[in-house]
Amino acid sequence: MNLWQQYIRPTTVAEAITALTSAPGPALPLAGGTDILLDLQQGRHSPVHTIVDLTEIPEMKSLELRDERLFIGAGVPLSRIARDPLVVTHARALVEACDLVGGPQVRNVATLGGNVAHALPAADGTIGLLCLDAEAEVTGLHGSRCVPLPELFVGPGKSALQSGEIIVGFYIQTYAQGGVPLTGTFLAAGNGDGRTYASCFKRIMRPQGVALPIINLAIWLERNGNTIKQIRIAVGPGGAVPFRARKAEAFLADRPYSDETFKTALEALVAEVKFRTSAMRATSEYRYHLVGTLLKDTLETAWERAG
Amino acid sequence: MENKISLTVNGQSHALTVTPTETLADALRVRLKLTGTKIGCEEAECGVCTVLVDGEPTLSCVYPAARADGKTILTIEGLAKSEDGKLVLHPLQEAFVQHGAVQCGFCIPGQIMTSYALLKRNPDPSSDELRHALKDTLCRCAGYPTIENAILDAAHALRTGEPVHPPHIPDSVNAKKLIGKSQIRPDAFEKVTGEAIYTDDLEFEGMLFASVCRAGVPHAILKNLDISKAQNLPGVIAVLTAEDILGEHTHGLVVFDWPVLVGTGERVRYVGDALALVAAETQEIAEQAVALIEPEFELQTVVKDAVQAYQPDAPRLHESGNLLKHIKVRKGDMEVGFAKADVILEHTFHTAMTDHAFLEPECSIAVPLEDGRMEVYVGSQIPYQDRTQVARALGWPEQRIRIIGQLMGGGFGGKEDVMGQIHSAMLANSTGRPVKLLFDRHESLVVHPKRHATQIKVKIGAMKDGRVVAAETELYGDTGAYASLGEKVMTRATTHSAGPYDVEHVRADCYAMYTNNPPAGAFRGFGVTQSAFAVESMMDKLAETLGLDPVELRRMNALRVGSITNTGQELRDSVGLVECIDKVEAEMRRLTEGPHLFTPRPVPGSEHLVRAWGIAAGYKNTGLGGGAPDKSGAELELYDNGTFEVRSSAAELGQGLVSVMQLMVAEEMAVPPGQVRVLVMDTDLTPNGGPTTASRQTYVTGNASRLAAVTLREAISRSMAEKYDIPPEEIRFENGSVRVNGTTLTYADVAREMKEMGQQPRALYEYEAPRTQPLGTGGDMHFAFSFAAQAAEVEVNTLTGEVRVLRVIAANDVGTAVNPLGLQGQVEGGVMMGLGNALTENFIVEDGYVITDRLARYRIPSIVHTPEIISIVVEHPTADGPHGAKGVGEICSIPTTPAITNAIYNAVGVRVDTLPVDQEKIAMELATR
Ligand SMILES: Cc1cc2nc3c(=O)[nH]c(=O)nc-3n(C[C@H](O)[C@H](O)[C@H](O)COP(=O)(O)OP(=O)(O)OC[C@H]3O[C@@H](n4cnc5c(N)ncnc54)[C@H](O)[C@@H]3O)c2cc1C
Ligand code: FES
Ligand code: FES
């Protein structure tokens with residue numbers, strides 16, 4: 001079956017946009033291809049005219065600190081993200097999320113851009129990024145814009161990207177400026193005034209069926225002594241789009257870290273999250289049952305890391 | 001629009017023009033003829049296609065060739081170095097060979113390339129790091145512990161420059177000069193270098209590519225089939241339908257009920273039924289043509305499972321009805337048995353349909369010859385049956401067909417039925433050109449026979465002291481659309497359904513039913529996997545009810561020499577079950593603190609993780625049994641240069657039969673194994689070895705090879721005695737030569753001298769195993785049984801329900817361990833398959849439609865699921881087995897599942913009665929307590 005007629009490898013973002021918008025038929029960006037090539041081959045995506053390979057664009061493969069923010073190119077393979085010292089220092093949740101996707105061969109080509117653009121509510125990289133309050137740099141024919149991650153999703157498998165738009169990379173706020181990483185190179189980062197920051201990602205799988213988690217959860221928090229100053233919690237699949245538990249977050253902010261706090265936060269999260277039953281993967285009851293354990297586990301680890 | 005690329009592969013630069021959709025795997029395999037890189041799934045799941053791209057392990061099956069422009073690629077062919085014209089293996093390759101990590105070999109290039117990249121980055125990986133790196137590089141032969149050890153040893157060798165040093169595996173207690181000592185398989189070298197050729201690696205001049213139009217609906221009458229659009233597609237050479245079948249319209253292994261192609265007006269019985277065949281110039285065109293074929297169906301009510309199929313109002317799927325066979329076992333008197341019992345327990349169990357998921361999908365190539373004959377290249381477990389079935393469908397005498405068996409990337413029972421062989425032969429016959437028919441993973445999953453989903457009710461009666469006095473079982477086996485080996489498989493399930501125990505009163509009824517699911521047939525364990533799960537779960541329930549130790553309960557009831565089996569057979573020798581149970585218990589005690597083996601043990605500091613052991617026992621017949629003549633032929637020839645060749649059409653699917661044959665001959669002729677070549681699976685050149693099933697080949701073809709050697713030795717003795725005029729008894733075979741009257745003749749001398757005397761140094765032996773009796777007649781239903789006990793230690797997460805298997809102790813009575821190294825691989829693989837059956841594998845069919853039609857949805861165990869596997873070899877030789885050996889391949893897999901589920905019960909009190917284990921059920925049940 002001719003799934004596409006033309007395979008193009010641009011070397012700049014502008015060329016890629018041109019290729020996508022000027023193709024004589026439907027055109028698709030391709031990064032690692034670990035989602036889209038299989039979708040095309042297995043008939044879940046209809047054939048296209050042009051494939052635009054994004055992996056030769058240096059801008060999309062850069063991973064660096066830009067001012068106070070960490071920039072991760074949308075075309076950086078997950079394996080590189082999982083090993084990169086900058087990410088390890090500033091975005092531990094993302095390291096853990098990326099390191100759990102597939103096996104090493106998949107991670108060597110799969111990208112964060114693809115993981116996000118695929119827009120699944122429980123994609124591991126996406127959930128990791130979400131707790132880090134990441135922004136996506138999106139470029140199209142009409143220029144670039146920075147989009148807060150939650151605004152990139154409209155439904156399961158549907159992103160808000162317009163055709164001809166690509167994600168160039170992601171920005172993540174760092175908190176180590178003026179300070180040094182607190183505990184060794186990878187546990188937490190702080191800015192020297194007693195406040196510390198850490199993040200953590202965990203998931204629960206089942207041994208049968210597709211490699212998507214039953215449930216995954218990522219937490220970023222700021223700790224001051226025994227107080228949770230700020231927290232961000234992302235849960236997948238907690239709704240039609242990747243889910244932030246804002247009510248639980250709001251409750252937890254400025255609270256002491258205690259069993260009592262945790263209990264109420266969990267109640268808040270359970271009240272706002274919407275777990276569904278996925279055939280052959282998990283019932284919604286099971287997910288509600290698991291979320292407490294996963295929240296506790298992830299929170300504990302993030303908290304200790306920030307300690 | 002094509003893409004021009006230049007790339008470096010194994011140090012050589014190439015400029016290629018590739019198509020936009022071409023994968024790197026195809027570019028390497030087809031354009032550069034580097035067929036060492038294999039294709040197992042084309043969905044980024046199995047890892048067998050792994051190559052290094054700029055040093056990073058990458059799946060070449062989902063890597064566009066166009067992207068390889070400017071890249072440096074390393075494939076398996078690039079690892080070994082050529083020194084003075086000899087290939088010197090990389091330490092990883094050497095370690096895989098020496099450790100016995102190579103079985104069928106299909107995954108090995110992927111394993112080696114992935115670990116090569118790991119060791120480059122991390123020369124001294126921990127076990128955890130290694131498992132993380134190999135997580136998605138699957139091996140279905142599943143010698144994962146050995147693979148891990150081989151890699152760690154290679155890492156050590158690379159760091160230190162020392163040679164690899166494989167562990168010492170103890171010899172058999174019955175060891176001879178060669179038999180019973182670890183031996184490297186003869187095909188290991190070619191399998192680590194990528195030189196090993198599997199069917200899909202072959203190419204023939206003018207070869208066409210085939211694709212099959214499948215029904216895609218589970219139950220219907222085919223009303224019309226429009227092939228005109230397909231015929232008109234440029235590049236299509238032939239489109240065949242049922243009308244083009246020249247011979248018989250059905251095939252089958254026992255019952256000829258499986259249509260070669262479903263014709264108009266005929267019944268479609270499952271989604272995989274074939275409607276039409278296409279041969280075209282390229283694979284893509286063939287597939288496009290298939291998509292243009294337009295069938296019209298009149299849909300029928302779908303028969304979803306065996307119990308429904310048995311109902312009187314169920315739609316009839318075959319003229320004979322839906323009942324393939326009602327199988328009965330009767331012993332003693334149930335009323336008496338249950339009346340006597342102090343306790344009676346009853347429970348119903350369900351096992352899932354499962355898939356063999358051999359990593360090499362089915363492939364066959366039919367090549368028409370000028371003399372009017374046809375060659376079929378295929379990896380098949382029963383070459384002579386293939387020949388019969390292909391000949392029948394073509395309407396030819398069998399002699400016109402030559403089946404040339406190829407290396408198999410795993411079989412496990414799933415390559416016994418004819419898959420593409422008839423179809424490729426029909427197309428080759430019609431086009432006059434060679435035709436390759438390769439299944440992709442999707443087709444393989446949908447079409448070939450599975451393990452029977454079985455419902456098993458067990459009612460068991462016992463005395464207070466634990467003595468089991470009555471066992472009644474009722475089984476419903478789902479044999480799917482066609483019989484395949486369903487009757488045989490379900491017979492084994494039934495006869496073994498009361499477990500390896502001496503029970504006075506036994507009754508078993510099994511209904512093997514046709515349904516609209518994919519057919520079910522042979523799968524390692526042959527029905528006993530299912531019934532062992534049920535009866536071994538019941539034994540634990542019984543132990544609990546009676547307050548007895550589950551080990552003691554099994555020991556008390558175990559079959560021993562002198563026991564009578566459920567089918568009325570007296571066991572006269574070779575019953576090592578009690579020793580298996582004793583040894584497993586001793587090992588559990590050694591590994592466990594405290595007196596209680598089966599009580600829950602929370603992990604200190606993580607009390608939500610609870611560990612416990614579970615135990616199960618099992619037995620499995622060796623050989624076909626039930627009155628079927630069980631024969632194998634082997635031919636042995638001594639060549640002028642003093643080497644031997646032993647031939648039989650028995651199949652090598654990775655299990656190591658070629659080693660067994662080689663050792664049998666080498667032992668008798670007193671030569672090093674390397675002096676004996678093994679040729680298998682060629683119906684022109686090798687005598688019929690019978691089917692490779694029922695754990696029979698070590699026994700029957702082992703015996704045939706050994707006796708062919710004995711025969712040749714006697715012939716040599718006679719000739720030399722005549723020539724040198726001494727009594728034949730004085731001729732001695734020692735140290736690779738023949739000693740006659742104080743002089744030493746090499747085998748080359750012997751060959752020459754015999755030929756000078758007008759004698760052929762060749763012997764053919766047709767071995768026939770001891771006669772067996774049909775079920776229901778009493779007497780010896782089987783000529784040998786293997787026995788086993790296993791214990792599994794699990795860890796259950798009481799919050800999430802997740803289950804991990806930490807350790808498995810497996811004791812197997814195999815008669816004699818002919819090749820301890822090969823045995824180790826079989827045991828590891830068997831345990832892992834049992835673990836998959838318990839925890840990961842579930843072939844899901846809904847209303848006849850296959851849900852798990854991709855490897856992504858059908859999960860087989862990977863290295864991260866692998867527990868520590870402690871193999872204990874128990875050897876109670878069987879009188880007629882070659883050097884006492886009996887079957888190994890299946891017994892090592894049978895007790896694993898119930899050992900795991902019993903351990904889960906012991907840990908958290910949740911009884912699993914439906915496979916696979918559902919962690920959600922465990923969690924929810926624990927939550928409601
Ligand atoms: C064996 C296996 C295991 C997997 N396991 C997991 C897992 O555990 N967790 C998980 O989350 N995922 C998993 N996945 C899914 C997949 O690997 C990830 O989602 C991956 O991150 C996708 O990235 P990619 O670069 O391969 O995307 P691609 O397949 O190249 O692209 C995916 C989609 O995103 C679009 N796209 C890609 N890049 C951009 C861009 N920069 N801008 C705009 N659109 C873009 C493409 O057009 C396409 O629609 C697995 C996949 C496989 C094959
Ligand atoms: S992963 Fe490529 S063939 Fe399976
Ligand atoms: S040796 Fe690994 S699949 Fe057979």
# chains A, B, ... in the order shown; residues from 1 in each chain; ligands from 1
call {"tool": "residues_near_ligand", "arguments": {"ligand": "ligand 1", "cutoff": "6 Å", "atoms": "only C-alpha atoms and all ligand atoms", "output": "NGL selection string"}}
result
(:A and (28-37 or 74 or 100-102 or 110-115 or 117-118 or 123-125 or 166-168 or 211-212)) or (:B and (44-45))
call {"tool": "write_last_selection", "arguments": {"atoms": "N, CA and C atoms", "output": "CSV table (one decimal), in the first residue's frame"}}
result
chain,number,residue,atom,x,y,z
A,28,LEU,N,2.2,15.4,6.7
A,28,LEU,CA,2.3,15.1,8.1
A,28,LEU,C,3.7,15.3,8.6
A,29,PRO,N,3.9,15.9,9.7
A,29,PRO,CA,5.2,15.9,10.3
A,29,PRO,C,5.5,14.5,10.9
A,30,LEU,N,6.7,14.1,10.9
A,30,LEU,CA,7.1,12.9,11.5
A,30,LEU,C,8.4,13.1,12.3
A,31,ALA,N,8.3,12.6,13.5
A,31,ALA,CA,9.6,12.7,14.4
A,31,ALA,C,10.1,11.3,14.5
A,32,GLY,N,9.9,10.7,15.6
A,32,GLY,CA,10.4,9.3,15.8
A,32,GLY,C,9.6,8.3,14.9
A,33,GLY,N,8.4,8.7,14.7
A,33,GLY,CA,7.5,7.8,13.9
A,33,GLY,C,7.0,6.6,14.7
A,34,THR,N,7.2,6.5,16.0
A,34,THR,CA,6.8,5.4,16.8
A,34,THR,C,5.3,5.4,17.0
A,35,ASP,N,4.7,6.5,16.9
A,35,ASP,CA,3.2,6.5,16.9
A,35,ASP,C,2.7,6.5,15.4
A,36,ILE,N,3.2,7.5,14.7
A,36,ILE,CA,2.5,7.8,13.4
A,36,ILE,C,2.8,6.7,12.3
A,37,LEU,N,4.0,6.2,12.3
A,37,LEU,CA,4.3,5.2,11.3
A,37,LEU,C,3.4,4.0,11.5
A,74,ALA,N,11.7,19.8,20.4
A,74,ALA,CA,10.6,18.7,20.2
A,74,ALA,C,11.1,17.5,19.5
A,100,LEU,N,10.6,5.7,30.9
A,100,LEU,CA,9.7,4.5,30.9
A,100,LEU,C,9.0,4.3,29.6
A,101,VAL,N,9.1,5.2,28.7
A,101,VAL,CA,8.4,5.0,27.4
A,101,VAL,C,9.1,3.8,26.6
A,102,GLY,N,8.3,2.8,26.2
A,102,GLY,CA,8.9,1.7,25.4
A,102,GLY,C,10.2,1.1,26.0
A,110,ALA,N,11.9,8.0,19.5
A,110,ALA,CA,10.7,8.7,19.9
A,110,ALA,C,11.0,10.1,20.5
A,111,THR,N,10.2,11.0,20.3
A,111,THR,CA,10.4,12.4,20.8
A,111,THR,C,9.3,12.9,21.7
A,112,LEU,N,9.7,13.9,22.4
A,112,LEU,CA,8.7,14.6,23.3
A,112,LEU,C,7.6,15.3,22.4
A,113,GLY,N,8.1,15.8,21.3
A,113,GLY,CA,7.1,16.5,20.4
A,113,GLY,C,6.0,15.5,20.0
A,114,GLY,N,6.5,14.4,19.6
A,114,GLY,CA,5.5,13.3,19.1
A,114,GLY,C,4.6,12.9,20.2
A,115,ASN,N,5.2,12.7,21.4
A,115,ASN,CA,4.4,12.3,22.5
A,115,ASN,C,3.3,13.3,22.9
A,117,ALA,N,2.2,15.8,20.7
A,117,ALA,CA,1.3,16.1,19.6
A,117,ALA,C,0.3,14.9,19.4
A,118,HIS,N,0.7,13.8,19.8
A,118,HIS,CA,-0.2,12.6,19.7
A,118,HIS,C,-1.4,12.8,20.6
A,123,ALA,N,-0.3,9.9,28.0
A,123,ALA,CA,1.1,9.8,27.4
A,123,ALA,C,2.1,10.2,28.5
A,124,ASP,N,3.1,9.3,28.7
A,124,ASP,CA,3.9,9.5,29.8
A,124,ASP,C,4.7,10.9,29.8
A,125,GLY,N,5.3,11.2,28.6
A,125,GLY,CA,6.1,12.4,28.5
A,125,GLY,C,5.2,13.6,28.7
A,166,ILE,N,4.0,23.2,13.7
A,166,ILE,CA,4.7,22.2,14.4
A,166,ILE,C,5.2,22.8,15.8
A,167,ILE,N,5.4,21.8,16.7
A,167,ILE,CA,6.0,22.2,18.0
A,167,ILE,C,7.5,22.2,17.7
A,168,VAL,N,8.1,23.3,18.1
A,168,VAL,CA,9.6,23.4,17.9
A,168,VAL,C,10.3,22.9,19.1
A,211,ALA,N,1.0,-1.0,25.8
A,211,ALA,CA,2.0,-0.5,26.7
A,211,ALA,C,1.6,0.9,27.3
A,212,LEU,N,0.3,1.2,27.4
A,212,LEU,CA,0.0,2.5,28.0
A,212,LEU,C,-0.3,2.2,29.4
B,44,ALA,N,7.4,-2.3,16.1
B,44,ALA,CA,8.3,-1.7,17.1
B,44,ALA,C,8.1,-2.4,18.5
B,45,GLU,N,7.7,-3.7,18.5
B,45,GLU,CA,7.5,-4.4,19.7
B,45,GLU,C,8.5,-5.4,20.1
call {"tool": "interface_residues", "arguments": {"of": "chain B", "to": "chain A", "cutoff": "7 Å", "atoms": "only C-alpha atoms", "output": "list of chain:residue names"}}
result
B:Met1, B:Pro20, B:Thr21, B:Glu43, B:Glu56, B:Pro57, B:Thr58, B:Leu59, B:Val62, B:Ala133, B:Lys135, B:Asp136, B:Glu284, B:Glu287, B:Gln288, B:Leu799, B:Thr800, B:Leu839, B:Thr840, B:Glu841, B:Ala856, B:Arg857, B:Tyr858, B:Arg859, B:Glu920
call {"tool": "write_last_selection", "arguments": {"atoms": "N, CA, C and O atoms", "output": "mmCIF file, in the first residue's frame"}}
result
data_model
loop_
_atom_site.group_PDB
_atom_site.id
_atom_site.type_symbol
_atom_site.label_atom_id
_atom_site.label_comp_id
_atom_site.auth_asym_id
_atom_site.auth_seq_id
_atom_site.Cartn_x
_atom_site.Cartn_y
_atom_site.Cartn_z
ATOM 1 N N MET B 1 8.147 9.573 -5.486
ATOM 2 C CA MET B 1 9.450 10.217 -5.611
ATOM 3 C C MET B 1 10.473 9.435 -4.801
ATOM 4 O O MET B 1 10.247 9.162 -3.628
ATOM 5 N N PRO B 20 10.081 6.034 -1.038
ATOM 6 C CA PRO B 20 9.744 6.850 0.126
ATOM 7 C C PRO B 20 9.238 6.049 1.314
ATOM 8 O O PRO B 20 9.400 6.459 2.449
ATOM 9 N N THR B 21 8.623 4.894 1.076
ATOM 10 C CA THR B 21 8.053 4.137 2.190
ATOM 11 C C THR B 21 8.957 3.004 2.657
ATOM 12 O O THR B 21 8.624 2.296 3.598
ATOM 13 N N GLU B 43 6.129 -3.720 14.167
ATOM 14 C CA GLU B 43 5.348 -2.763 14.946
ATOM 15 C C GLU B 43 6.115 -2.277 16.167
ATOM 16 O O GLU B 43 5.529 -1.884 17.159
ATOM 17 N N GLU B 56 23.506 3.910 18.198
ATOM 18 C CA GLU B 56 22.347 3.738 19.068
ATOM 19 C C GLU B 56 21.462 2.597 18.554
ATOM 20 O O GLU B 56 21.129 2.554 17.364
ATOM 21 N N PRO B 57 21.047 1.696 19.426
ATOM 22 C CA PRO B 57 20.150 0.623 18.970
ATOM 23 C C PRO B 57 18.838 1.195 18.473
ATOM 24 O O PRO B 57 18.208 2.017 19.138
ATOM 25 N N THR B 58 18.449 0.768 17.302
ATOM 26 C CA THR B 58 17.301 1.351 16.605
ATOM 27 C C THR B 58 16.528 0.230 15.929
ATOM 28 O O THR B 58 17.124 -0.728 15.439
ATOM 29 N N LEU B 59 15.212 0.375 15.909
ATOM 30 C CA LEU B 59 14.380 -0.643 15.270
ATOM 31 C C LEU B 59 14.307 -0.359 13.772
ATOM 32 O O LEU B 59 13.677 0.614 13.351
ATOM 33 N N VAL B 62 10.838 0.194 11.764
ATOM 34 C CA VAL B 62 10.042 1.423 11.737
ATOM 35 C C VAL B 62 10.955 2.630 11.500
ATOM 36 O O VAL B 62 10.651 3.741 11.921
ATOM 37 N N ALA B 133 17.913 -2.185 29.600
ATOM 38 C CA ALA B 133 18.347 -2.037 28.210
ATOM 39 C C ALA B 133 17.711 -3.084 27.292
ATOM 40 O O ALA B 133 17.494 -2.823 26.113
ATOM 41 N N LYS B 135 14.782 -4.572 27.762
ATOM 42 C CA LYS B 135 13.360 -4.677 28.100
ATOM 43 C C LYS B 135 12.492 -5.076 26.909
ATOM 44 O O LYS B 135 11.622 -5.929 27.028
ATOM 45 N N ASP B 136 12.696 -4.452 25.786
ATOM 46 C CA ASP B 136 11.838 -4.723 24.639
ATOM 47 C C ASP B 136 12.554 -5.508 23.544
ATOM 48 O O ASP B 136 12.218 -5.400 22.368
ATOM 49 N N GLU B 284 3.948 -5.213 -2.194
ATOM 50 C CA GLU B 284 2.997 -4.100 -2.122
ATOM 51 C C GLU B 284 1.847 -4.289 -3.099
ATOM 52 O O GLU B 284 0.685 -4.079 -2.749
ATOM 53 N N GLU B 287 -0.542 -6.942 -1.934
ATOM 54 C CA GLU B 287 -1.435 -6.480 -0.864
ATOM 55 C C GLU B 287 -2.490 -5.513 -1.392
ATOM 56 O O GLU B 287 -3.657 -5.556 -0.976
ATOM 57 N N GLN B 288 -2.070 -4.667 -2.322
ATOM 58 C CA GLN B 288 -3.054 -3.763 -2.933
ATOM 59 C C GLN B 288 -4.145 -4.555 -3.633
ATOM 60 O O GLN B 288 -5.329 -4.231 -3.531
ATOM 61 N N LEU B 799 -1.810 -3.152 47.491
ATOM 62 C CA LEU B 799 -2.516 -1.907 47.176
ATOM 63 C C LEU B 799 -2.935 -1.857 45.707
ATOM 64 O O LEU B 799 -4.005 -1.362 45.370
ATOM 65 N N THR B 800 -2.070 -2.358 44.844
ATOM 66 C CA THR B 800 -2.349 -2.247 43.410
ATOM 67 C C THR B 800 -2.744 -3.579 42.779
ATOM 68 O O THR B 800 -3.232 -3.609 41.649
ATOM 69 N N LEU B 839 0.544 -14.784 33.670
ATOM 70 C CA LEU B 839 0.506 -13.349 33.967
ATOM 71 C C LEU B 839 0.285 -12.416 32.782
ATOM 72 O O LEU B 839 -0.320 -11.364 32.939
ATOM 73 N N THR B 840 0.830 -12.724 31.624
ATOM 74 C CA THR B 840 0.821 -11.698 30.577
ATOM 75 C C THR B 840 -0.064 -12.037 29.374
ATOM 76 O O THR B 840 -0.504 -11.139 28.677
ATOM 77 N N GLU B 841 -0.288 -13.330 29.116
ATOM 78 C CA GLU B 841 -0.831 -13.682 27.806
ATOM 79 C C GLU B 841 -2.335 -13.910 27.826
ATOM 80 O O GLU B 841 -2.841 -14.668 28.638
ATOM 81 N N ALA B 856 1.501 -5.675 19.927
ATOM 82 C CA ALA B 856 1.338 -4.624 20.932
ATOM 83 C C ALA B 856 0.215 -4.955 21.902
ATOM 84 O O ALA B 856 0.183 -4.442 23.012
ATOM 85 N N ARG B 857 -0.716 -5.800 21.469
ATOM 86 C CA ARG B 857 -1.834 -6.120 22.361
ATOM 87 C C ARG B 857 -1.700 -7.506 22.972
ATOM 88 O O ARG B 857 -2.422 -7.862 23.886
ATOM 89 N N TYR B 858 -0.821 -8.297 22.382
ATOM 90 C CA TYR B 858 -0.598 -9.640 22.927
ATOM 91 C C TYR B 858 0.797 -9.671 23.524
ATOM 92 O O TYR B 858 1.788 -9.697 22.797
ATOM 93 N N ARG B 859 0.888 -9.621 24.812
ATOM 94 C CA ARG B 859 2.185 -9.405 25.440
ATOM 95 C C ARG B 859 2.802 -10.715 25.908
ATOM 96 O O ARG B 859 2.180 -11.476 26.642
ATOM 97 N N GLU B 920 -6.251 -6.322 38.661
ATOM 98 C CA GLU B 920 -7.379 -5.502 39.110
ATOM 99 C C GLU B 920 -8.285 -6.303 40.046
ATOM 100 O O GLU B 920 -8.718 -5.804 41.086
#
call {"tool": "select_by_dssp", "arguments": {"residues": "region 173-279 of chain A", "states": "helix (DSSP H, G or I)", "output": "list in words"}}
result
Arg246, Lys247, Ala248, Glu249, Ala250, Phe251, Leu252, Asp259, Glu260, Thr261, Phe262, Lys263, Thr264, Ala265, Leu266, Glu267, Ala268, Leu269, Val270, Ala271 and Glu272 of chain A
call {"tool": "closest_residue", "arguments": {"among": "B:Ala68, B:Cys139, B:Ile904, B:Val18", "to": "ligand 2", "atoms": "only C-alpha atoms and all ligand atoms"}}
result
B:Cys139
call {"tool": "residues_near_ligand", "arguments": {"ligand": "ligand 2", "cutoff": "7 Å", "atoms": "only C-alpha atoms and all ligand atoms", "output": "list of chain:residue names"}}
result
B:Lys38, B:Ile39, B:Gly40, B:Cys41, B:Glu42, B:Glu43, B:Ala44, B:Glu45, B:Cys46, B:Gly47, B:Val48, B:Cys49, B:Thr50, B:Leu59, B:Ser60, B:Cys61, B:Val62
call {"tool": "residues_around", "arguments": {"residues": "Pro58 (chain A)", "least_positions_apart": "5", "cutoff": "9 Å", "atoms": "only C-alpha atoms", "output": "ChimeraX atom specification"}}
result
/A:11-13,73,75
